[in-house]
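Undergrad: Got a structure for you, questions after.
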Amino acid sequence: STITVYDEKSSIQTAMYGLPMYELANDQAAGGIAAAAQAPQVLQSETLDFLHVKSTTEDGSSYFMVNGKEEYQATAWRPLQPKVVMNLPGTDQAPRARGVLITAGEYEDFPDFDPVITKPTQEWEQSNSEPGICLDAYWPSSIASINSQSLLGNIQQYLVLVPGQFRCTSRDAAVVSGIQRNITSLSYELTAPATEEDSDFVPPTIKEVDLHYVDATSIRVGLLASDDTGIDRIVLLVFQGGMIQSIEGVVSSPDAGYYTVDNVPFSEQAQLMLQVVDGSGNVANWSAKGTTAKVLEVYARGDMISTLSPTTLTGTIADFDDLVEENNELRENDVFYRWEFGDGHTEFGKLVEDLSLIHISEPTRPTATSRMPSSA
C-alpha cells in the first residue's frame, strides 16, 4: 500500500513533538522586546455605580444581580457572583486596551451570607445537593479584566467586571456561609501602549511582595517586579472600612527591580491588591487571594546585643494557638511566616508550634530590627 497525504502529515506532526526524523531550520537570531520608548496611555477613565438586587432560592441560598441584568460569573465549585460585560470601542488604527487598572471604589459587606454555589452536573445525576466547599479567601481575587476576540478580521474587546466577592467563614459547618462583599462603586482606567506597533502583550512578573512595619496603623510594601518593556506604574489597593483606596508606588527607574509603596494604612481587617503596569500598558495583579496579614516588630536595642553571647528576641502572635489549630486540622499549608532579621537575612516557612529561629548576625551590626508578617 502507498502512504497517503494524511499519513505523511500525521508523521510530520508527530516528528515535531519529539521524534528525531525531522528538524526545523532557523537561521534567524532569537528576538526580544525592547523597553518602551514612550509611557503607556490611558484610553478611558470612568466610574461605575452598581445597584445590587438580592434573589433567594427555595433552599434559602441567595445571590445578587446588578443593575437589573441577569449576568453572572458562574465558576465550578464557587459562589455565584454578579457580572457586568461592556463592549469597548476599538479600531484597527488606534491602540487597543492591554489592561484595566482599578483606582478607587466602595463596597458593602454582608456577614452570615448563604451563597448559591455552582456545581457541574449531567442528566444521570440523582443528587442535587449543593457543594460544601469553604474557601477562606475573597473570591474572585480579580474583579476586572479585558477579553479580546477576533471577529471577521476585526478585534472586539470587552470589559468584564465582577462587582462581588465571597469569603467563607463557616469552616467545616454543614451549610457554607460567610461574608458577601458587594462592590457598589468602581473607578478604573483602560491602559494601552503609546503606539499600535508595540508587540508586548505579556504582563509584568511580580516575584516577591514584602510587608514592612512602620507604626501601629501603617506599613510599607516592597516588591520585586520586572518586565521586558520596564515598569511604568505601581498602584496598591487597600480594601478597608467599605472603601477601596489606591496608593501610587515609587518607580525610580523602569528597570529598578525593587519598588516600594509607602504610607499604606493598614489594620488586621484590611485586604491588599497590588497592580503593576509595564511600559506597554499590560497589568499584573497580586492579591494574596484576599488573605489578611499581621505585621509584628521586635526591636533589639544596642545595649541588648553582645558579640560574645547570643541574644534572644521574641515575637508574640495574638491567638497563636487558634491559628496553629486551624492550620493543622482544617487545611494544610494554610498559614506561613516570614521573618526579616534586619541585616539582610530572611527565613520563611509554615507556622508550627514552638517555632524557634536561630540566626547569628555579623559582628559589624550591633543593632537589629526584626519584622515578621504572618498571613492567614
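Residues are named by chain letter and number: chains run A, B, ... in the order of the C-alpha cells, numbers start at 1 in each chain, and ligands are numbered from 1 in the order shown.
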Apply DSSP to the structure's backbone, then extract all residues of stretch 169-198 of chain A labelled strand (DSSP E or B) and return them as a PyMOL selection string.
TA: chain A and resi 178-192
Undergrad: Within 8 Å of A:Tyr259, counting only C-alpha atoms, which residues qualify if same-chain residues fewer than 6 places away don't, as an mmCIF file with all heavy atoms, in the first residue's frame?
TA:
```cif
data_model
loop_
_atom_site.group_PDB
_atom_site.id
_atom_site.type_symbol
_atom_site.label_atom_id
_atom_site.label_comp_id
_atom_site.auth_asym_id
_atom_site.auth_seq_id
_atom_site.Cartn_x
_atom_site.Cartn_y
_atom_site.Cartn_z
ATOM 1 N N GLY A 222 6.968 46.399 49.889
ATOM 2 C CA GLY A 222 8.062 46.280 48.942
ATOM 3 C C GLY A 222 7.815 45.125 47.995
ATOM 4 O O GLY A 222 7.211 44.122 48.373
ATOM 5 N N LEU A 223 8.251 45.259 46.748
ATOM 6 C CA LEU A 223 8.005 44.195 45.785
ATOM 7 C C LEU A 223 9.136 44.110 44.782
ATOM 8 O O LEU A 223 9.786 45.108 44.461
ATOM 9 C CB LEU A 223 6.687 44.407 45.054
ATOM 10 C CG LEU A 223 6.601 45.614 44.109
ATOM 11 C CD1 LEU A 223 5.760 45.269 42.897
ATOM 12 C CD2 LEU A 223 5.995 46.818 44.838
ATOM 13 N N LEU A 224 9.363 42.886 44.294
ATOM 14 C CA LEU A 224 10.270 42.634 43.192
ATOM 15 C C LEU A 224 9.420 42.422 41.941
ATOM 16 O O LEU A 224 8.568 41.533 41.911
ATOM 17 C CB LEU A 224 11.132 41.402 43.460
ATOM 18 C CG LEU A 224 12.261 41.556 44.486
ATOM 19 C CD1 LEU A 224 12.896 40.198 44.747
ATOM 20 C CD2 LEU A 224 13.299 42.550 44.004
ATOM 21 N N ALA A 225 9.631 43.224 40.927
ATOM 22 C CA ALA A 225 8.857 43.127 39.689
ATOM 23 C C ALA A 225 9.757 43.420 38.505
ATOM 24 O O ALA A 225 10.711 44.203 38.610
ATOM 25 C CB ALA A 225 7.666 44.086 39.707
ATOM 26 N N GLY A 249 2.824 53.713 43.958
ATOM 27 C CA GLY A 249 4.140 53.311 44.403
ATOM 28 C C GLY A 249 5.235 54.172 43.799
ATOM 29 O O GLY A 249 5.004 54.969 42.884
ATOM 30 N N VAL A 250 6.426 54.006 44.324
ATOM 31 C CA VAL A 250 7.583 54.772 43.863
ATOM 32 C C VAL A 250 8.288 53.980 42.764
ATOM 33 O O VAL A 250 8.776 52.869 43.000
ATOM 34 C CB VAL A 250 8.556 55.046 45.027
ATOM 35 C CG1 VAL A 250 9.772 55.813 44.530
ATOM 36 C CG2 VAL A 250 7.848 55.808 46.137
ATOM 37 N N VAL A 251 8.323 54.547 41.545
ATOM 38 C CA VAL A 251 9.023 53.924 40.421
ATOM 39 C C VAL A 251 10.186 54.846 40.046
ATOM 40 O O VAL A 251 10.048 55.766 39.236
ATOM 41 C CB VAL A 251 8.089 53.697 39.218
ATOM 42 C CG1 VAL A 251 8.848 53.030 38.079
ATOM 43 C CG2 VAL A 251 6.889 52.863 39.622
ATOM 44 N N SER A 252 11.344 54.619 40.663
ATOM 45 C CA SER A 252 12.506 55.463 40.416
ATOM 46 C C SER A 252 13.105 55.208 39.045
ATOM 47 O O SER A 252 13.664 56.108 38.416
ATOM 48 C CB SER A 252 13.560 55.225 41.492
ATOM 49 O OG SER A 252 13.932 53.850 41.535
#
```
Undergrad: List the spatial neighbours of A:Gly164 as JSON, numbers by chain - criterion: any atom at most 8 Å away, only C-alpha atoms, same-chain residues fewer than 6 positions off excluded.
TA: {"A": [81, 82, 140, 143, 180, 181, 182, 183]}
Undergrad: List the spatial neighbours of A:Val53 as an MDAnalysis selection string - criterion: any atom at most 12 Å away, only C-alpha atoms, same-chain residues fewer than 5 positions off excluded.
TA: chainID A and resid 62:70 81:82 164 182 184
Undergrad: Go through A:Ile219, A:Ala74, A:Ile206, A:Met243 and flag the residue nearest A:Val276, using only C-alpha atoms for the distances.
TA: A:Ile206
Undergrad: Step one, run DSSP on the backbone; step two, keep only residues of stretch 176-306 of chain A assigned to helix (DSSP H, G or I); then write them as a PyMOL selection string.
TA: chain A and resi 288-290+302-304
Undergrad: Do you know which residues are at most 9 Å from stretch 165-167 of chain A counting only C-alpha atoms, after dropping those on the same chain fewer than 2 positions away, and could you put them as a PDB file with all heavy atoms, in the first residue's frame?
TA:
```
ATOM      1  N   ARG A  78     -17.699  27.336  42.991  1.00  0.00           N
ATOM      2  CA  ARG A  78     -17.531  28.650  43.600  1.00  0.00           C
ATOM      3  C   ARG A  78     -18.888  29.359  43.674  1.00  0.00           C
ATOM      4  O   ARG A  78     -19.799  29.077  42.899  1.00  0.00           O
ATOM      5  CB  ARG A  78     -16.561  29.500  42.775  1.00  0.00           C
ATOM      6  CG  ARG A  78     -15.130  28.975  42.759  1.00  0.00           C
ATOM      7  CD  ARG A  78     -14.492  29.096  44.125  1.00  0.00           C
ATOM      8  NE  ARG A  78     -13.109  28.630  44.111  1.00  0.00           N
ATOM      9  CZ  ARG A  78     -12.733  27.415  44.479  1.00  0.00           C
ATOM     10  NH1 ARG A  78     -13.629  26.539  44.888  1.00  0.00           N
ATOM     11  NH2 ARG A  78     -11.451  27.073  44.448  1.00  0.00           N
ATOM     12  N   PRO A  79     -19.046  30.306  44.612  1.00  0.00           N
ATOM     13  CA  PRO A  79     -20.308  31.036  44.747  1.00  0.00           C
ATOM     14  C   PRO A  79     -20.632  31.841  43.496  1.00  0.00           C
ATOM     15  O   PRO A  79     -19.743  32.389  42.833  1.00  0.00           O
ATOM     16  CB  PRO A  79     -20.060  31.961  45.947  1.00  0.00           C
ATOM     17  CG  PRO A  79     -18.959  31.314  46.711  1.00  0.00           C
ATOM     18  CD  PRO A  79     -18.099  30.646  45.687  1.00  0.00           C
ATOM     19  N   GLN A  81     -21.610  34.908  41.404  1.00  0.00           N
ATOM     20  CA  GLN A  81     -21.366  36.330  41.598  1.00  0.00           C
ATOM     21  C   GLN A  81     -21.907  37.123  40.413  1.00  0.00           C
ATOM     22  O   GLN A  81     -21.964  36.623  39.281  1.00  0.00           O
ATOM     23  CB  GLN A  81     -19.872  36.606  41.768  1.00  0.00           C
ATOM     24  CG  GLN A  81     -19.254  36.024  43.022  1.00  0.00           C
ATOM     25  CD  GLN A  81     -19.808  36.625  44.302  1.00  0.00           C
ATOM     26  OE1 GLN A  81     -20.415  37.701  44.296  1.00  0.00           O
ATOM     27  NE2 GLN A  81     -19.618  35.927  45.415  1.00  0.00           N
ATOM     28  N   PHE A 113     -23.788  35.221  55.194  1.00  0.00           N
ATOM     29  CA  PHE A 113     -24.459  35.105  53.903  1.00  0.00           C
ATOM     30  C   PHE A 113     -24.343  33.671  53.400  1.00  0.00           C
ATOM     31  O   PHE A 113     -23.263  33.077  53.387  1.00  0.00           O
ATOM     32  CB  PHE A 113     -23.837  36.075  52.898  1.00  0.00           C
ATOM     33  CG  PHE A 113     -24.516  36.097  51.564  1.00  0.00           C
ATOM     34  CD1 PHE A 113     -25.681  36.814  51.368  1.00  0.00           C
ATOM     35  CD2 PHE A 113     -23.985  35.395  50.488  1.00  0.00           C
ATOM     36  CE1 PHE A 113     -26.311  36.844  50.135  1.00  0.00           C
ATOM     37  CE2 PHE A 113     -24.592  35.415  49.247  1.00  0.00           C
ATOM     38  CZ  PHE A 113     -25.765  36.139  49.076  1.00  0.00           C
ATOM     39  N   PRO A 115     -24.479  31.556  50.224  1.00  0.00           N
ATOM     40  CA  PRO A 115     -24.445  31.780  48.777  1.00  0.00           C
ATOM     41  C   PRO A 115     -24.935  30.572  47.977  1.00  0.00           C
ATOM     42  O   PRO A 115     -24.973  29.444  48.474  1.00  0.00           O
ATOM     43  CB  PRO A 115     -22.962  32.024  48.520  1.00  0.00           C
ATOM     44  CG  PRO A 115     -22.290  31.123  49.511  1.00  0.00           C
ATOM     45  CD  PRO A 115     -23.169  31.114  50.741  1.00  0.00           C
ATOM     46  N   CYS A 134     -15.607  25.347  51.451  1.00  0.00           N
ATOM     47  CA  CYS A 134     -15.382  26.577  52.217  1.00  0.00           C
ATOM     48  C   CYS A 134     -14.003  27.132  51.878  1.00  0.00           C
ATOM     49  O   CYS A 134     -12.984  26.577  52.287  1.00  0.00           O
ATOM     50  CB  CYS A 134     -15.505  26.290  53.715  1.00  0.00           C
ATOM     51  SG  CYS A 134     -15.354  27.758  54.766  1.00  0.00           S
ATOM     52  N   LEU A 135     -13.980  28.211  51.126  1.00  0.00           N
ATOM     53  CA  LEU A 135     -12.729  28.855  50.723  1.00  0.00           C
ATOM     54  C   LEU A 135     -12.529  30.103  51.575  1.00  0.00           C
ATOM     55  O   LEU A 135     -13.255  31.086  51.442  1.00  0.00           O
ATOM     56  CB  LEU A 135     -12.780  29.224  49.244  1.00  0.00           C
ATOM     57  CG  LEU A 135     -11.519  29.847  48.644  1.00  0.00           C
ATOM     58  CD1 LEU A 135     -10.362  28.860  48.673  1.00  0.00           C
ATOM     59  CD2 LEU A 135     -11.772  30.329  47.219  1.00  0.00           C
ATOM     60  N   ASP A 136     -11.534  30.047  52.452  1.00  0.00           N
ATOM     61  CA  ASP A 136     -11.290  31.144  53.384  1.00  0.00           C
ATOM     62  C   ASP A 136     -10.459  32.246  52.729  1.00  0.00           C
ATOM     63  O   ASP A 136      -9.346  32.554  53.143  1.00  0.00           O
ATOM     64  CB  ASP A 136     -10.583  30.599  54.625  1.00  0.00           C
ATOM     65  CG  ASP A 136     -10.453  31.655  55.713  1.00  0.00           C
ATOM     66  OD1 ASP A 136     -11.148  32.692  55.619  1.00  0.00           O
ATOM     67  OD2 ASP A 136      -9.655  31.460  56.647  1.00  0.00           O
ATOM     68  N   ALA A 137     -11.005  32.828  51.676  1.00  0.00           N
ATOM     69  CA  ALA A 137     -10.359  33.931  50.960  1.00  0.00           C
ATOM     70  C   ALA A 137     -11.409  34.570  50.073  1.00  0.00           C
ATOM     71  O   ALA A 137     -12.337  33.905  49.614  1.00  0.00           O
ATOM     72  CB  ALA A 137      -9.176  33.436  50.130  1.00  0.00           C
ATOM     73  N   TYR A 138     -11.275  35.864  49.830  1.00  0.00           N
ATOM     74  CA  TYR A 138     -12.239  36.553  48.975  1.00  0.00           C
ATOM     75  C   TYR A 138     -12.068  36.086  47.538  1.00  0.00           C
ATOM     76  O   TYR A 138     -10.985  36.160  46.963  1.00  0.00           O
ATOM     77  CB  TYR A 138     -12.059  38.063  49.072  1.00  0.00           C
ATOM     78  CG  TYR A 138     -12.653  38.648  50.332  1.00  0.00           C
ATOM     79  CD1 TYR A 138     -11.842  39.020  51.399  1.00  0.00           C
ATOM     80  CD2 TYR A 138     -14.028  38.798  50.458  1.00  0.00           C
ATOM     81  CE1 TYR A 138     -12.384  39.533  52.560  1.00  0.00           C
ATOM     82  CE2 TYR A 138     -14.579  39.322  51.614  1.00  0.00           C
ATOM     83  CZ  TYR A 138     -13.754  39.681  52.669  1.00  0.00           C
ATOM     84  OH  TYR A 138     -14.299  40.180  53.810  1.00  0.00           O
ATOM     85  N   TRP A 139     -13.163  35.577  46.974  1.00  0.00           N
ATOM     86  CA  TRP A 139     -13.154  35.087  45.595  1.00  0.00           C
ATOM     87  C   TRP A 139     -14.273  35.760  44.811  1.00  0.00           C
ATOM     88  O   TRP A 139     -15.370  35.937  45.330  1.00  0.00           O
ATOM     89  CB  TRP A 139     -13.360  33.561  45.568  1.00  0.00           C
ATOM     90  CG  TRP A 139     -13.238  33.020  44.182  1.00  0.00           C
ATOM     91  CD1 TRP A 139     -12.110  32.531  43.580  1.00  0.00           C
ATOM     92  CD2 TRP A 139     -14.275  32.954  43.196  1.00  0.00           C
ATOM     93  NE1 TRP A 139     -12.380  32.172  42.278  1.00  0.00           N
ATOM     94  CE2 TRP A 139     -13.710  32.429  42.016  1.00  0.00           C
ATOM     95  CE3 TRP A 139     -15.632  33.295  43.184  1.00  0.00           C
ATOM     96  CZ2 TRP A 139     -14.438  32.229  40.854  1.00  0.00           C
ATOM     97  CZ3 TRP A 139     -16.357  33.114  42.030  1.00  0.00           C
ATOM     98  CH2 TRP A 139     -15.761  32.581  40.880  1.00  0.00           C
ATOM     99  N   PRO A 140     -14.045  36.125  43.539  1.00  0.00           N
ATOM    100  CA  PRO A 140     -12.780  36.016  42.808  1.00  0.00           C
ATOM    101  C   PRO A 140     -11.772  37.074  43.243  1.00  0.00           C
ATOM    102  O   PRO A 140     -12.156  38.172  43.645  1.00  0.00           O
ATOM    103  CB  PRO A 140     -13.203  36.222  41.352  1.00  0.00           C
ATOM    104  CG  PRO A 140     -14.420  37.090  41.434  1.00  0.00           C
ATOM    105  CD  PRO A 140     -15.133  36.665  42.685  1.00  0.00           C
ATOM    106  N   SER A 141     -10.490  36.719  43.173  1.00  0.00           N
ATOM    107  CA  SER A 141      -9.460  37.660  43.586  1.00  0.00           C
ATOM    108  C   SER A 141      -9.290  38.784  42.574  1.00  0.00           C
ATOM    109  O   SER A 141      -8.910  39.896  42.933  1.00  0.00           O
ATOM    110  CB  SER A 141      -8.126  36.927  43.779  1.00  0.00           C
ATOM    111  OG  SER A 141      -7.749  36.257  42.589  1.00  0.00           O
ATOM    112  N   ILE A 143     -11.240  41.224  39.949  1.00  0.00           N
ATOM    113  CA  ILE A 143     -12.609  41.679  39.705  1.00  0.00           C
ATOM    114  C   ILE A 143     -12.740  42.480  38.411  1.00  0.00           C
ATOM    115  O   ILE A 143     -13.826  42.954  38.091  1.00  0.00           O
ATOM    116  CB  ILE A 143     -13.113  42.525  40.894  1.00  0.00           C
ATOM    117  CG1 ILE A 143     -12.191  43.713  41.138  1.00  0.00           C
ATOM    118  CG2 ILE A 143     -13.230  41.672  42.144  1.00  0.00           C
ATOM    119  CD1 ILE A 143     -12.648  44.624  42.267  1.00  0.00           C
ATOM    120  N   VAL A 162     -16.580  42.025  37.780  1.00  0.00           N
ATOM    121  CA  VAL A 162     -17.293  41.153  38.731  1.00  0.00           C
ATOM    122  C   VAL A 162     -17.399  41.926  40.047  1.00  0.00           C
ATOM    123  O   VAL A 162     -16.515  41.849  40.899  1.00  0.00           O
ATOM    124  CB  VAL A 162     -16.561  39.817  38.931  1.00  0.00           C
ATOM    125  CG1 VAL A 162     -17.373  38.904  39.847  1.00  0.00           C
ATOM    126  CG2 VAL A 162     -16.309  39.129  37.603  1.00  0.00           C
ATOM    127  N   PRO A 163     -18.484  42.692  40.233  1.00  0.00           N
ATOM    128  CA  PRO A 163     -18.606  43.541  41.424  1.00  0.00           C
ATOM    129  C   PRO A 163     -19.120  42.790  42.652  1.00  0.00           C
ATOM    130  O   PRO A 163     -20.010  43.262  43.361  1.00  0.00           O
ATOM    131  CB  PRO A 163     -19.593  44.613  40.968  1.00  0.00           C
ATOM    132  CG  PRO A 163     -20.473  43.918  39.993  1.00  0.00           C
ATOM    133  CD  PRO A 163     -19.602  42.909  39.294  1.00  0.00           C
ATOM    134  N   THR A 169     -16.574  31.741  56.061  1.00  0.00           N
ATOM    135  CA  THR A 169     -16.143  31.802  57.459  1.00  0.00           C
ATOM    136  C   THR A 169     -16.743  30.678  58.293  1.00  0.00           C
ATOM    137  O   THR A 169     -16.505  30.618  59.498  1.00  0.00           O
ATOM    138  CB  THR A 169     -16.542  33.155  58.086  1.00  0.00           C
ATOM    139  OG1 THR A 169     -17.968  33.324  57.990  1.00  0.00           O
ATOM    140  CG2 THR A 169     -15.857  34.313  57.371  1.00  0.00           C
ATOM    141  N   SER A 177     -21.393  29.394  54.754  1.00  0.00           N
ATOM    142  CA  SER A 177     -21.800  30.790  54.944  1.00  0.00           C
ATOM    143  C   SER A 177     -20.558  31.632  55.174  1.00  0.00           C
ATOM    144  O   SER A 177     -19.495  31.118  55.533  1.00  0.00           O
ATOM    145  CB  SER A 177     -22.776  30.942  56.122  1.00  0.00           C
ATOM    146  OG  SER A 177     -22.132  30.576  57.343  1.00  0.00           O
ATOM    147  N   GLY A 178     -20.712  32.924  54.979  1.00  0.00           N
ATOM    148  CA  GLY A 178     -19.568  33.799  55.152  1.00  0.00           C
ATOM    149  C   GLY A 178     -19.901  35.233  54.822  1.00  0.00           C
ATOM    150  O   GLY A 178     -21.048  35.672  54.968  1.00  0.00           O
ATOM    151  N   ILE A 179     -18.901  35.978  54.333  1.00  0.00           N
ATOM    152  CA  ILE A 179     -19.036  37.401  54.053  1.00  0.00           C
ATOM    153  C   ILE A 179     -19.205  37.604  52.555  1.00  0.00           C
ATOM    154  O   ILE A 179     -18.335  37.226  51.772  1.00  0.00           O
ATOM    155  CB  ILE A 179     -17.807  38.179  54.552  1.00  0.00           C
ATOM    156  CG1 ILE A 179     -17.599  37.949  56.047  1.00  0.00           C
ATOM    157  CG2 ILE A 179     -17.965  39.668  54.263  1.00  0.00           C
ATOM    158  CD1 ILE A 179     -16.307  38.543  56.573  1.00  0.00           C
ATOM    159  N   GLN A 180     -20.326  38.179  52.166  1.00  0.00           N
ATOM    160  CA  GLN A 180     -20.546  38.564  50.774  1.00  0.00           C
ATOM    161  C   GLN A 180     -20.195  40.041  50.629  1.00  0.00           C
ATOM    162  O   GLN A 180     -20.754  40.896  51.322  1.00  0.00           O
ATOM    163  CB  GLN A 180     -21.992  38.335  50.352  1.00  0.00           C
ATOM    164  CG  GLN A 180     -22.358  38.894  48.996  1.00  0.00           C
ATOM    165  CD  GLN A 180     -21.635  38.213  47.839  1.00  0.00           C
ATOM    166  OE1 GLN A 180     -21.262  37.048  47.943  1.00  0.00           O
ATOM    167  NE2 GLN A 180     -21.457  38.936  46.747  1.00  0.00           N
ATOM    168  N   ARG A 181     -19.256  40.329  49.774  1.00  0.00           N
ATOM    169  CA  ARG A 181     -18.813  41.710  49.551  1.00  0.00           C
ATOM    170  C   ARG A 181     -19.368  42.204  48.225  1.00  0.00           C
ATOM    171  O   ARG A 181     -18.991  41.703  47.155  1.00  0.00           O
ATOM    172  CB  ARG A 181     -17.288  41.790  49.559  1.00  0.00           C
ATOM    173  CG  ARG A 181     -16.719  43.143  49.154  1.00  0.00           C
ATOM    174  CD  ARG A 181     -15.260  43.245  49.525  1.00  0.00           C
ATOM    175  NE  ARG A 181     -15.073  43.245  50.969  1.00  0.00           N
ATOM    176  CZ  ARG A 181     -13.887  43.259  51.569  1.00  0.00           C
ATOM    177  NH1 ARG A 181     -12.781  43.267  50.839  1.00  0.00           N
ATOM    178  NH2 ARG A 181     -13.815  43.273  52.883  1.00  0.00           N
ATOM    179  N   ASN A 182     -20.246  43.190  48.289  1.00  0.00           N
ATOM    180  CA  ASN A 182     -20.828  43.791  47.087  1.00  0.00           C
ATOM    181  C   ASN A 182     -20.146  45.126  46.807  1.00  0.00           C
ATOM    182  O   ASN A 182     -20.182  46.037  47.639  1.00  0.00           O
ATOM    183  CB  ASN A 182     -22.335  44.000  47.256  1.00  0.00           C
ATOM    184  CG  ASN A 182     -23.102  42.700  47.259  1.00  0.00           C
ATOM    185  OD1 ASN A 182     -22.601  41.667  46.809  1.00  0.00           O
ATOM    186  ND2 ASN A 182     -24.320  42.728  47.768  1.00  0.00           N
ATOM    187  N   ILE A 183     -19.529  45.228  45.654  1.00  0.00           N
ATOM    188  CA  ILE A 183     -18.875  46.469  45.252  1.00  0.00           C
ATOM    189  C   ILE A 183     -19.918  47.388  44.637  1.00  0.00           C
ATOM    190  O   ILE A 183     -20.516  47.064  43.610  1.00  0.00           O
ATOM    191  CB  ILE A 183     -17.740  46.176  44.268  1.00  0.00           C
ATOM    192  CG1 ILE A 183     -16.684  45.297  44.941  1.00  0.00           C
ATOM    193  CG2 ILE A 183     -17.107  47.470  43.760  1.00  0.00           C
ATOM    194  CD1 ILE A 183     -15.579  44.836  44.031  1.00  0.00           C
ATOM    195  N   GLY A 290      -6.773  37.515  48.757  1.00  0.00           N
ATOM    196  CA  GLY A 290      -7.649  38.216  49.684  1.00  0.00           C
ATOM    197  C   GLY A 290      -7.401  37.912  51.135  1.00  0.00           C
ATOM    198  O   GLY A 290      -8.224  38.221  51.991  1.00  0.00           O
TER     199      GLY A 290
END
```
